[in-house]
Structure formats: structure tokens, C-alpha cells
Amino acid sequence: MATSVLNLVIRSAGSPLRQTGLKSRRAFRLPYVRFYSQQNALDPLEGGTFKFSELQVSLAGPELLKPKPDVSNLIFGKCFTDHMFEVEWNVEGWGPPRICPLHDLNIHPAAKVLHYALELFDGMKAYRGVDGKIRLFRPDLNMQRLLRGSRRCLLPQFDPEELISCMKRLIKIEEEWIPHSETSSLYIRPTVIGTDPSLGVARSMQAMLYIILCPVGPYFETGFKPVNLLADPKFVRSWPGGSGDVKLGSNYGPTVFVQRAAENSGLQQVLWLYGDDHQLTEVGTMNIFILIKNANGEKELITPPLHGLILPGVTRQSILELVRGWNEFKVTERPVPMKEFLQLKEEKRLLEFFGAGTACIVCPISGVSFLGVNHHIPTMEQEDPLYARVLNTLSGIYYGRISHEWSVLVD
């Protein structure tokens, strides 16, 4: 088999492009790095797609069906439904998609995913509305993010509408697992892994895409309560030219050590910083929002920009679009250094600080521990707080109390 030729164009911040190798026919963009391939047969962009029309369904027998959990005792990510979706890929293309009983994966011990972390995933939810209908929230954005991560790992592409159709079929089969509750939902975890059984840091010539489902309650075991954060400059989650803006499993594994450090200090989450000026980037697995009074005495909502360091969250984008649509105050995407953040607090111009993501929706923040000093944030002391308004609006869309184009019915 011919070897794929990979050419690189590398751009460092503020520098001109520098190209190595031959001119290319095709490119796709990522922050700071663009990858080029000249071997069509090995190009994940040329792999075609699986088809919903070819979906094979094999239902679990009565003896394999599990009892449904008590909604009041749901713990995030611990209980899984009876069925899963899976489809395999190799250099010849995609195989037939399947819905089958949930099962352990059968992969070779040399599979690329186990040694070189060739893996990515996404997270989304299905909601049982107040009208009994099942809804997804902006699944097209999750598919875009999944495809972007797959490109970053040189794993195969697919038609996102075909996957959404397969996903809807899986959800309909597992509909009884979706809680009858406006504080619970069915979490959806699409995952792509490199399964090529070979050692050596190289692109995987085999892959699997699968989806598992689990009914979930609140993301944090403490329920919906404000959290306190550890901000330690010696720990860095992402950097320019890295992969912090794609949802790779390799971004998350190393963070458990820092999360434990936060918990050992009596804190709930980690506030990730970057650079000599300690820019605020993300909280745990969430994007962040800061509501302030600016120098003109006006309210302003700030969130870090999509400059390659943070994940382009679906909830983040939705909050920005909602608040801009309200047109009540300025909305800005820009870096916020810790010095400015603390100065805003001292000047009593820092009003609210909250995280946002699919798992938690919105999470208020009441404190930050930085360099051994605990800083109280008055998020919970505001009259008619923005975080609560955002949460209520998004929840209304999720559960069908608010009709919105972002809702996609599962029918």
C-alpha cells in the first residue's frame, strides 16, 4: 500500500506562513496548522458516508432489558440504556450502521486508541418536553464539532444528517429511558476511535463510530449550587497550536490530577489559566461568562474568544446569540487576564461569573482561589441574575415550554 504524503503549513502567532513539501490539492483549516493530503484513497475527507437507509436494527431480548433507574437518584454517566449505535470504517469506506444491544467493544490490544489517544467524542442531550414530545437541541452544531475533531485526528468523515437520523432512531428505541422530569434528560455520547491494530504513531486505517445513551440528572453530585474554583497558574489545559479547541479525550485525561487537587482544597472545579497574564479560559469542562459593569457604567457580558485555546461550546454559542438578541447590553468576546478580573472584583464591578456547557447547562460561580487567596464572587447576590435568566430560557427551549427553531423533534 502506498504511503500517504502529508504536507504541513505551519503558522505561529504573528508570523507569516511557512510551507514544507509539495503544493497540495486540498486543505482544511485548523488554528495555526493546516493539514494536506495527496493520497485520495487514504484521505478521510474522501471516505463517503454510511446511510440511514442501510441501518440494521437488532433489539435486545427481554432477558437483556434492564430496569429503569429512579430519576431522583440519577448520577451523571453511571447508568446506560439497553442499546447502542455502531458503525465501522476502514480505507475501503464505511460498513453498514447498526443498532444493537449494548455490549463491550472487541478491539485489538494494539489499537491506536489505546496507545496514542486517537479518540474524540461529543456530548448532547434528548429532552422529554412538557408536551410529551422528545427534542434534541441544535444537533447540527454537535455534528460540526465532531467532524472537526475527527479531521484533527485524521479519522473518517461522514454525512452529519445521516448520523442524526441514526441517532433519532436509537433514541426512539430507548424512549422509555428518557426521564419524565424537567431536571433530567437522556445524555448522548457519540464517540469516534481509531481501532487500527498496529503500534507506531501514525494515522489509523480502521475506526469505529458509536453512540451510547444514559439518563442523567444534575451534572454535579451536589445538585444545582454555586461552585468554588481553584485557579493555579502552574497547570495549563491548552495552548496555541494545540488541540484544546477540539473535543479529544486526550484533553481531559490529564485534568483529573488537577481536579483532585481542587477537591483536596475543598473546591469543586478548576479555573484554567493561560499565559504570563493568566488569562481565564475555561472552568472544568465548561466555557465561562463574566458579567461586569464596564468603564462607562454599563453592563457588559464577556467570554473568552475562540482563538484555539477553548472549546467552541454549543451552549456558549447559544448564550451569545440569545443575549445579543435581547439587545440589552454589550456582549464581547475577548481575553480576560486575572489582574483585570480581580481589579473588577475590588472595584465592585464584577457582577456575575458562571460556566456553561451541555452537561450542566449553566453553573454559577461564587469563589475563586488564586495563589492561596480566596476571592468571593457576588454571583448569587444579584437581583434578577443573568445566569438564572439564561438557564430558564434554555431550559424552556429544551423542554418545549418555549417554541424555538433550535429544538429538533425526534419523531
# chains A, B, ... in the order shown; residues from 1 in each chain; ligands from 1
call {"tool": "select_by_dssp", "arguments": {"residues": "range 136-315 of chain A", "states": "helix (DSSP H, G or I)", "output": "VMD selection string"}}
result
chain A and resid 139 to 152 160 to 173 175 to 177 249 to 251 255 to 264 314 to 315
call {"tool": "residues_around", "arguments": {"residues": "Phe257 in chain A", "least_positions_apart": "2", "cutoff": "12 Å", "atoms": "only C-alpha atoms", "output": "JSON, numbers by chain"}}
result
{"A": [235, 236, 237, 252, 253, 254, 255, 259, 260, 261, 262, 263, 264, 269, 270, 284]}
call {"tool": "write_last_selection", "arguments": {"atoms": "N, CA, C and O atoms", "output": "PDB file, in the first residue's frame"}}
result
ATOM      1  N   PHE A 235      -0.746  24.916  36.264  1.00  0.00           N
ATOM      2  CA  PHE A 235      -1.448  23.918  35.473  1.00  0.00           C
ATOM      3  C   PHE A 235      -2.040  24.589  34.235  1.00  0.00           C
ATOM      4  O   PHE A 235      -2.734  25.595  34.345  1.00  0.00           O
ATOM      5  N   VAL A 236      -1.783  24.019  33.067  1.00  0.00           N
ATOM      6  CA  VAL A 236      -2.275  24.582  31.806  1.00  0.00           C
ATOM      7  C   VAL A 236      -3.032  23.494  31.046  1.00  0.00           C
ATOM      8  O   VAL A 236      -2.525  22.389  30.872  1.00  0.00           O
ATOM      9  N   ARG A 237      -4.238  23.814  30.591  1.00  0.00           N
ATOM     10  CA  ARG A 237      -5.050  22.836  29.864  1.00  0.00           C
ATOM     11  C   ARG A 237      -4.772  22.844  28.365  1.00  0.00           C
ATOM     12  O   ARG A 237      -4.778  21.809  27.708  1.00  0.00           O
ATOM     13  N   TYR A 252      -8.726  15.673  28.237  1.00  0.00           N
ATOM     14  CA  TYR A 252      -9.410  15.575  29.517  1.00  0.00           C
ATOM     15  C   TYR A 252      -8.703  14.666  30.524  1.00  0.00           C
ATOM     16  O   TYR A 252      -8.754  14.928  31.733  1.00  0.00           O
ATOM     17  N   GLY A 253      -8.062  13.608  30.039  1.00  0.00           N
ATOM     18  CA  GLY A 253      -7.404  12.683  30.952  1.00  0.00           C
ATOM     19  C   GLY A 253      -6.440  13.353  31.922  1.00  0.00           C
ATOM     20  O   GLY A 253      -6.500  13.115  33.144  1.00  0.00           O
ATOM     21  N   PRO A 254      -5.544  14.217  31.441  1.00  0.00           N
ATOM     22  CA  PRO A 254      -4.581  14.841  32.358  1.00  0.00           C
ATOM     23  C   PRO A 254      -5.196  15.813  33.359  1.00  0.00           C
ATOM     24  O   PRO A 254      -4.523  16.218  34.309  1.00  0.00           O
ATOM     25  N   THR A 255      -6.460  16.191  33.171  1.00  0.00           N
ATOM     26  CA  THR A 255      -7.066  17.177  34.070  1.00  0.00           C
ATOM     27  C   THR A 255      -7.549  16.558  35.378  1.00  0.00           C
ATOM     28  O   THR A 255      -7.834  17.293  36.331  1.00  0.00           O
ATOM     29  N   GLN A 259      -8.058  18.291  39.043  1.00  0.00           N
ATOM     30  CA  GLN A 259      -9.371  18.270  39.675  1.00  0.00           C
ATOM     31  C   GLN A 259      -9.283  17.716  41.095  1.00  0.00           C
ATOM     32  O   GLN A 259      -9.923  18.233  42.020  1.00  0.00           O
ATOM     33  N   ARG A 260      -8.475  16.682  41.284  1.00  0.00           N
ATOM     34  CA  ARG A 260      -8.288  16.136  42.624  1.00  0.00           C
ATOM     35  C   ARG A 260      -7.637  17.168  43.543  1.00  0.00           C
ATOM     36  O   ARG A 260      -7.998  17.280  44.728  1.00  0.00           O
ATOM     37  N   ALA A 261      -6.680  17.935  43.019  1.00  0.00           N
ATOM     38  CA  ALA A 261      -6.051  18.982  43.823  1.00  0.00           C
ATOM     39  C   ALA A 261      -7.086  20.002  44.274  1.00  0.00           C
ATOM     40  O   ALA A 261      -7.050  20.484  45.417  1.00  0.00           O
ATOM     41  N   ALA A 262      -8.026  20.337  43.382  1.00  0.00           N
ATOM     42  CA  ALA A 262      -9.081  21.279  43.754  1.00  0.00           C
ATOM     43  C   ALA A 262      -9.957  20.695  44.860  1.00  0.00           C
ATOM     44  O   ALA A 262     -10.264  21.362  45.854  1.00  0.00           O
ATOM     45  N   GLU A 263     -10.349  19.445  44.684  1.00  0.00           N
ATOM     46  CA  GLU A 263     -11.211  18.803  45.675  1.00  0.00           C
ATOM     47  C   GLU A 263     -10.511  18.690  47.025  1.00  0.00           C
ATOM     48  O   GLU A 263     -11.142  18.855  48.078  1.00  0.00           O
ATOM     49  N   ASN A 264      -9.210  18.409  47.011  1.00  0.00           N
ATOM     50  CA  ASN A 264      -8.458  18.309  48.269  1.00  0.00           C
ATOM     51  C   ASN A 264      -8.381  19.650  48.992  1.00  0.00           C
ATOM     52  O   ASN A 264      -8.103  19.699  50.192  1.00  0.00           O
ATOM     53  N   GLN A 269     -14.213  22.817  41.290  1.00  0.00           N
ATOM     54  CA  GLN A 269     -13.774  22.780  39.895  1.00  0.00           C
ATOM     55  C   GLN A 269     -12.474  23.565  39.733  1.00  0.00           C
ATOM     56  O   GLN A 269     -12.015  24.261  40.648  1.00  0.00           O
ATOM     57  N   VAL A 270     -11.908  23.456  38.509  1.00  0.00           N
ATOM     58  CA  VAL A 270     -10.652  24.120  38.171  1.00  0.00           C
ATOM     59  C   VAL A 270     -10.929  25.249  37.180  1.00  0.00           C
ATOM     60  O   VAL A 270     -11.626  25.052  36.177  1.00  0.00           O
ATOM     61  N   GLY A 284     -13.313  23.764  34.404  1.00  0.00           N
ATOM     62  CA  GLY A 284     -13.536  22.329  34.265  1.00  0.00           C
ATOM     63  C   GLY A 284     -13.728  21.978  32.805  1.00  0.00           C
ATOM     64  O   GLY A 284     -12.831  22.148  31.979  1.00  0.00           O
TER      65      GLY A 284
END
call {"tool": "closest_residue", "arguments": {"among": "A:Leu230, A:Met143, A:Met84, A:Leu120", "to": "Ser366 in chain A", "atoms": "only C-alpha atoms"}}
result
A:Leu230
call {"tool": "residues_around", "arguments": {"residues": "Gly249 in chain A", "least_positions_apart": "2", "cutoff": "10 Å", "atoms": "only C-alpha atoms", "output": "list in words"}}
result
Val113, Ala117, Leu118, Glu119, Leu120, Phe121, Asp122, Thr191, Ile193, Val246, Lys247, Asn251, Tyr252, Gly253 and Pro254 of chain A
call {"tool": "write_last_selection", "arguments": {"atoms": "C-alpha atoms", "output": "mmCIF file, in the first residue's frame"}}
result
data_model
loop_
_atom_site.group_PDB
_atom_site.id
_atom_site.type_symbol
_atom_site.label_atom_id
_atom_site.label_comp_id
_atom_site.auth_asym_id
_atom_site.auth_seq_id
_atom_site.Cartn_x
_atom_site.Cartn_y
_atom_site.Cartn_z
ATOM 1 C CA VAL A 113 -6.894 4.489 20.540
ATOM 2 C CA ALA A 117 -5.299 8.505 22.158
ATOM 3 C CA LEU A 118 -6.759 8.648 18.632
ATOM 4 C CA GLU A 119 -10.217 9.327 20.034
ATOM 5 C CA LEU A 120 -12.784 12.087 20.121
ATOM 6 C CA PHE A 121 -16.322 12.471 21.359
ATOM 7 C CA ASP A 122 -19.181 14.869 21.779
ATOM 8 C CA THR A 191 -17.556 8.703 20.022
ATOM 9 C CA ILE A 193 -11.970 5.817 17.983
ATOM 10 C CA VAL A 246 -11.431 20.124 19.740
ATOM 11 C CA LYS A 247 -13.162 17.553 21.933
ATOM 12 C CA ASN A 251 -7.528 16.868 26.505
ATOM 13 C CA TYR A 252 -9.410 15.575 29.517
ATOM 14 C CA GLY A 253 -7.404 12.683 30.952
ATOM 15 C CA PRO A 254 -4.581 14.841 32.358
#
call {"tool": "residues_around", "arguments": {"residues": "Ile75 in chain A", "least_positions_apart": "5", "cutoff": "8 Å", "atoms": "only C-alpha atoms", "output": "PDB file with all heavy atoms, in the first residue's frame"}}
result
ATOM      1  N   VAL A 216     -29.663  11.038  32.815  1.00  0.00           N
ATOM      2  CA  VAL A 216     -28.851  11.819  33.757  1.00  0.00           C
ATOM      3  C   VAL A 216     -29.703  12.829  34.496  1.00  0.00           C
ATOM      4  O   VAL A 216     -30.705  13.330  33.992  1.00  0.00           O
ATOM      5  CB  VAL A 216     -27.700  12.549  33.035  1.00  0.00           C
ATOM      6  CG1 VAL A 216     -26.726  11.554  32.416  1.00  0.00           C
ATOM      7  CG2 VAL A 216     -28.223  13.503  31.964  1.00  0.00           C
ATOM      8  N   GLY A 217     -29.252  13.122  35.717  1.00  0.00           N
ATOM      9  CA  GLY A 217     -29.797  14.221  36.492  1.00  0.00           C
ATOM     10  C   GLY A 217     -28.799  15.357  36.479  1.00  0.00           C
ATOM     11  O   GLY A 217     -28.072  15.557  35.492  1.00  0.00           O
ATOM     12  N   PRO A 218     -28.673  16.116  37.566  1.00  0.00           N
ATOM     13  CA  PRO A 218     -27.698  17.218  37.622  1.00  0.00           C
ATOM     14  C   PRO A 218     -26.274  16.696  37.429  1.00  0.00           C
ATOM     15  O   PRO A 218     -25.930  15.610  37.896  1.00  0.00           O
ATOM     16  CB  PRO A 218     -27.903  17.798  39.022  1.00  0.00           C
ATOM     17  CG  PRO A 218     -29.288  17.400  39.407  1.00  0.00           C
ATOM     18  CD  PRO A 218     -29.510  16.064  38.776  1.00  0.00           C
ATOM     19  N   TYR A 219     -25.440  17.500  36.744  1.00  0.00           N
ATOM     20  CA  TYR A 219     -24.063  17.081  36.459  1.00  0.00           C
ATOM     21  C   TYR A 219     -23.240  16.948  37.742  1.00  0.00           C
ATOM     22  O   TYR A 219     -22.470  16.010  37.902  1.00  0.00           O
ATOM     23  CB  TYR A 219     -23.409  18.093  35.525  1.00  0.00           C
ATOM     24  CG  TYR A 219     -21.988  17.744  35.144  1.00  0.00           C
ATOM     25  CD1 TYR A 219     -21.721  16.648  34.335  1.00  0.00           C
ATOM     26  CD2 TYR A 219     -20.921  18.512  35.593  1.00  0.00           C
ATOM     27  CE1 TYR A 219     -20.426  16.315  33.981  1.00  0.00           C
ATOM     28  CE2 TYR A 219     -19.621  18.194  35.248  1.00  0.00           C
ATOM     29  CZ  TYR A 219     -19.376  17.103  34.439  1.00  0.00           C
ATOM     30  OH  TYR A 219     -18.090  16.779  34.103  1.00  0.00           O
ATOM     31  N   GLU A 221     -22.809  16.226  41.704  1.00  0.00           N
ATOM     32  CA  GLU A 221     -23.481  15.421  42.704  1.00  0.00           C
ATOM     33  C   GLU A 221     -24.126  16.280  43.780  1.00  0.00           C
ATOM     34  O   GLU A 221     -25.068  15.852  44.455  1.00  0.00           O
ATOM     35  CB  GLU A 221     -22.493  14.428  43.326  1.00  0.00           C
ATOM     36  CG  GLU A 221     -21.989  13.379  42.339  1.00  0.00           C
ATOM     37  CD  GLU A 221     -21.088  12.353  42.995  1.00  0.00           C
ATOM     38  OE1 GLU A 221     -20.999  12.359  44.235  1.00  0.00           O
ATOM     39  OE2 GLU A 221     -20.494  11.538  42.269  1.00  0.00           O
TER      40      GLU A 221
END
call {"tool": "closest_residue", "arguments": {"among": "A:Glu174, A:Phe353, A:Val368, A:Ser198", "to": "Asp232 in chain A", "atoms": "only C-alpha atoms"}}
result
A:Val368
call {"tool": "select_by_dssp", "arguments": {"residues": "range 122-261 of chain A", "states": "strand (DSSP E)", "output": "PyMOL selection string"}}
result
chain A and resi 124-128+134-137+185-194+206-216+227-231
call {"tool": "write_last_selection", "arguments": {"atoms": "N, CA, C and O atoms", "output": "short mmCIF file (atom, residue, chain, number, x, y, z; two decimals), in the first residue's frame"}}
result
data_model
loop_
_atom_site.label_atom_id
_atom_site.label_comp_id
_atom_site.auth_asym_id
_atom_site.auth_seq_id
_atom_site.Cartn_x
_atom_site.Cartn_y
_atom_site.Cartn_z
N MET A 124 -24.34 15.57 23.96
CA MET A 124 -25.60 16.24 23.67
C MET A 124 -26.71 15.54 24.46
O MET A 124 -26.45 14.54 25.14
N LYS A 125 -27.91 16.07 24.40
CA LYS A 125 -28.99 15.51 25.21
C LYS A 125 -30.30 15.44 24.42
O LYS A 125 -30.54 16.23 23.51
N ALA A 126 -31.13 14.48 24.82
CA ALA A 126 -32.53 14.42 24.38
C ALA A 126 -33.40 14.73 25.59
O ALA A 126 -33.13 14.25 26.70
N TYR A 127 -34.44 15.54 25.39
CA TYR A 127 -35.29 16.01 26.48
C TYR A 127 -36.73 15.58 26.24
O TYR A 127 -37.23 15.66 25.11
N ARG A 128 -37.40 15.16 27.30
CA ARG A 128 -38.84 14.90 27.22
C ARG A 128 -39.56 16.19 27.58
O ARG A 128 -39.48 16.66 28.73
N ILE A 134 -40.24 14.39 22.34
CA ILE A 134 -38.79 14.28 22.57
C ILE A 134 -38.08 15.26 21.66
O ILE A 134 -38.36 15.33 20.46
N ARG A 135 -37.12 16.00 22.23
CA ARG A 135 -36.42 17.03 21.47
C ARG A 135 -34.91 16.90 21.63
O ARG A 135 -34.41 16.54 22.70
N LEU A 136 -34.20 17.23 20.55
CA LEU A 136 -32.77 17.48 20.58
C LEU A 136 -32.56 18.99 20.51
O LEU A 136 -33.45 19.74 20.10
N PHE A 137 -31.35 19.43 20.88
CA PHE A 137 -31.03 20.85 20.86
C PHE A 137 -29.84 21.09 19.94
O PHE A 137 -28.73 20.64 20.21
N SER A 185 -32.58 14.32 31.81
CA SER A 185 -32.57 14.19 30.36
C SER A 185 -31.86 12.89 29.99
O SER A 185 -31.42 12.13 30.86
N LEU A 186 -31.75 12.64 28.70
CA LEU A 186 -31.01 11.49 28.20
C LEU A 186 -29.73 12.00 27.55
O LEU A 186 -29.77 12.68 26.53
N TYR A 187 -28.60 11.69 28.17
CA TYR A 187 -27.32 12.15 27.64
C TYR A 187 -26.90 11.26 26.48
O TYR A 187 -27.03 10.02 26.53
N ILE A 188 -26.36 11.88 25.43
CA ILE A 188 -25.98 11.18 24.20
C ILE A 188 -24.48 11.37 24.00
O ILE A 188 -24.00 12.49 23.96
N ARG A 189 -23.75 10.28 23.88
CA ARG A 189 -22.30 10.35 23.75
C ARG A 189 -21.84 9.68 22.44
O ARG A 189 -21.57 8.49 22.37
N PRO A 190 -21.78 10.45 21.32
CA PRO A 190 -21.16 9.92 20.11
C PRO A 190 -19.64 9.94 20.26
O PRO A 190 -19.06 10.92 20.76
N THR A 191 -18.99 8.88 19.83
CA THR A 191 -17.56 8.70 20.02
C THR A 191 -16.94 8.11 18.77
O THR A 191 -17.53 7.23 18.14
N VAL A 192 -15.76 8.58 18.40
CA VAL A 192 -15.01 8.02 17.28
C VAL A 192 -13.65 7.58 17.80
O VAL A 192 -12.95 8.36 18.46
N ILE A 193 -13.26 6.34 17.52
CA ILE A 193 -11.97 5.82 17.98
C ILE A 193 -11.20 5.20 16.82
O ILE A 193 -11.78 4.64 15.90
N GLY A 194 -9.88 5.30 16.88
CA GLY A 194 -9.02 4.63 15.93
C GLY A 194 -8.76 3.20 16.40
O GLY A 194 -8.21 2.99 17.48
N GLN A 206 -8.22 2.04 10.49
CA GLN A 206 -9.51 1.49 10.88
C GLN A 206 -10.09 2.37 11.98
O GLN A 206 -9.35 2.94 12.78
N ALA A 207 -11.41 2.46 12.03
CA ALA A 207 -12.06 3.30 13.04
C ALA A 207 -13.44 2.77 13.34
O ALA A 207 -14.01 1.97 12.59
N MET A 208 -13.96 3.22 14.45
CA MET A 208 -15.34 2.90 14.83
C MET A 208 -16.00 4.16 15.36
O MET A 208 -15.39 4.93 16.10
N LEU A 209 -17.24 4.38 14.95
CA LEU A 209 -18.08 5.44 15.49
C LEU A 209 -19.21 4.75 16.25
O LEU A 209 -19.87 3.86 15.71
N TYR A 210 -19.41 5.12 17.50
CA TYR A 210 -20.51 4.53 18.25
C TYR A 210 -21.19 5.58 19.10
O TYR A 210 -20.64 6.65 19.38
N ILE A 211 -22.41 5.28 19.52
CA ILE A 211 -23.20 6.16 20.38
C ILE A 211 -23.75 5.34 21.54
O ILE A 211 -24.34 4.28 21.32
N ILE A 212 -23.55 5.84 22.75
CA ILE A 212 -24.18 5.26 23.92
C ILE A 212 -25.04 6.33 24.58
O ILE A 212 -24.82 7.53 24.38
N LEU A 213 -26.04 5.90 25.33
CA LEU A 213 -27.01 6.80 25.95
C LEU A 213 -27.10 6.53 27.45
O LEU A 213 -27.00 5.37 27.87
N CYS A 214 -27.29 7.58 28.22
CA CYS A 214 -27.52 7.37 29.65
C CYS A 214 -28.45 8.44 30.21
O CYS A 214 -28.27 9.63 29.92
N PRO A 215 -29.46 8.04 30.98
CA PRO A 215 -30.30 9.03 31.64
C PRO A 215 -29.51 9.73 32.73
O PRO A 215 -28.74 9.10 33.46
N VAL A 216 -29.66 11.04 32.82
CA VAL A 216 -28.85 11.82 33.76
C VAL A 216 -29.70 12.83 34.50
O VAL A 216 -30.70 13.33 33.99
N VAL A 227 -20.41 26.97 42.59
CA VAL A 227 -19.17 26.25 42.84
C VAL A 227 -18.04 27.23 43.12
O VAL A 227 -18.10 28.41 42.76
N ASN A 228 -17.01 26.70 43.76
CA ASN A 228 -15.79 27.46 44.03
C ASN A 228 -14.65 26.82 43.25
O ASN A 228 -14.57 25.59 43.11
N LEU A 229 -13.73 27.66 42.75
CA LEU A 229 -12.75 27.22 41.78
C LEU A 229 -11.32 27.35 42.29
O LEU A 229 -10.99 28.29 43.01
N LEU A 230 -10.48 26.42 41.83
CA LEU A 230 -9.04 26.53 42.01
C LEU A 230 -8.43 27.10 40.73
O LEU A 230 -8.61 26.54 39.64
N ALA A 231 -7.72 28.22 40.83
CA ALA A 231 -7.01 28.82 39.70
C ALA A 231 -5.52 28.79 40.02
O ALA A 231 -5.02 29.62 40.77
#
call {"tool": "residues_around", "arguments": {"residues": "Asp245 in chain A", "least_positions_apart": "2", "cutoff": "7 Å", "atoms": "only C-alpha atoms", "output": "short mmCIF file (atom, residue, chain, number, x, y, z; two decimals) with N, CA, C and O atoms, in the first residue's frame"}}
result
data_model
loop_
_atom_site.label_atom_id
_atom_site.label_comp_id
_atom_site.auth_asym_id
_atom_site.auth_seq_id
_atom_site.Cartn_x
_atom_site.Cartn_y
_atom_site.Cartn_z
N SER A 243 -4.52 21.27 20.77
CA SER A 243 -5.82 20.70 20.39
C SER A 243 -6.91 21.05 21.41
O SER A 243 -7.92 20.36 21.49
N LYS A 247 -12.72 18.37 20.79
CA LYS A 247 -13.16 17.55 21.93
C LYS A 247 -12.50 16.17 21.87
O LYS A 247 -13.14 15.16 21.58
N GLY A 308 -8.37 29.24 19.62
CA GLY A 308 -7.61 28.00 19.62
C GLY A 308 -7.36 27.42 20.99
O GLY A 308 -6.85 26.31 21.10
N LEU A 309 -7.73 28.14 22.07
CA LEU A 309 -7.48 27.65 23.42
C LEU A 309 -8.69 26.98 24.05
O LEU A 309 -8.54 26.19 24.97
N ILE A 310 -9.87 27.32 23.60
CA ILE A 310 -11.08 26.83 24.25
C ILE A 310 -11.98 26.09 23.28
O ILE A 310 -11.88 26.25 22.06
N LEU A 311 -12.88 25.29 23.84
CA LEU A 311 -13.81 24.52 23.03
C LEU A 311 -14.95 25.42 22.55
O LEU A 311 -15.50 26.19 23.34
N PRO A 312 -15.32 25.33 21.28
CA PRO A 312 -16.47 26.11 20.79
C PRO A 312 -17.77 25.45 21.22
O PRO A 312 -18.39 24.69 20.49
#
call {"tool": "residues_around", "arguments": {"residues": "Lys68 in chain A", "least_positions_apart": "4", "cutoff": "12 Å", "atoms": "only C-alpha atoms", "output": "list in words"}}
result
Ser72, Asn73, Leu74, Cys79, Phe80, Thr81, Asp82, Glu174, Glu175, Glu176, Trp177, Ile178, Pro179, His180, Cys214, Pro215 and Val216 of chain A
call {"tool": "closest_residue", "arguments": {"among": "A:Arg138, A:Lys345, A:Lys293, A:His307", "to": "Phe329 in chain A", "atoms": "only C-alpha atoms"}}
result
A:Lys293
call {"tool": "atom_distance", "arguments": {"atom1": "CA of Leu391 in chain A", "atom2": "CA of Val362 in chain A"}}
result
5.9 Å
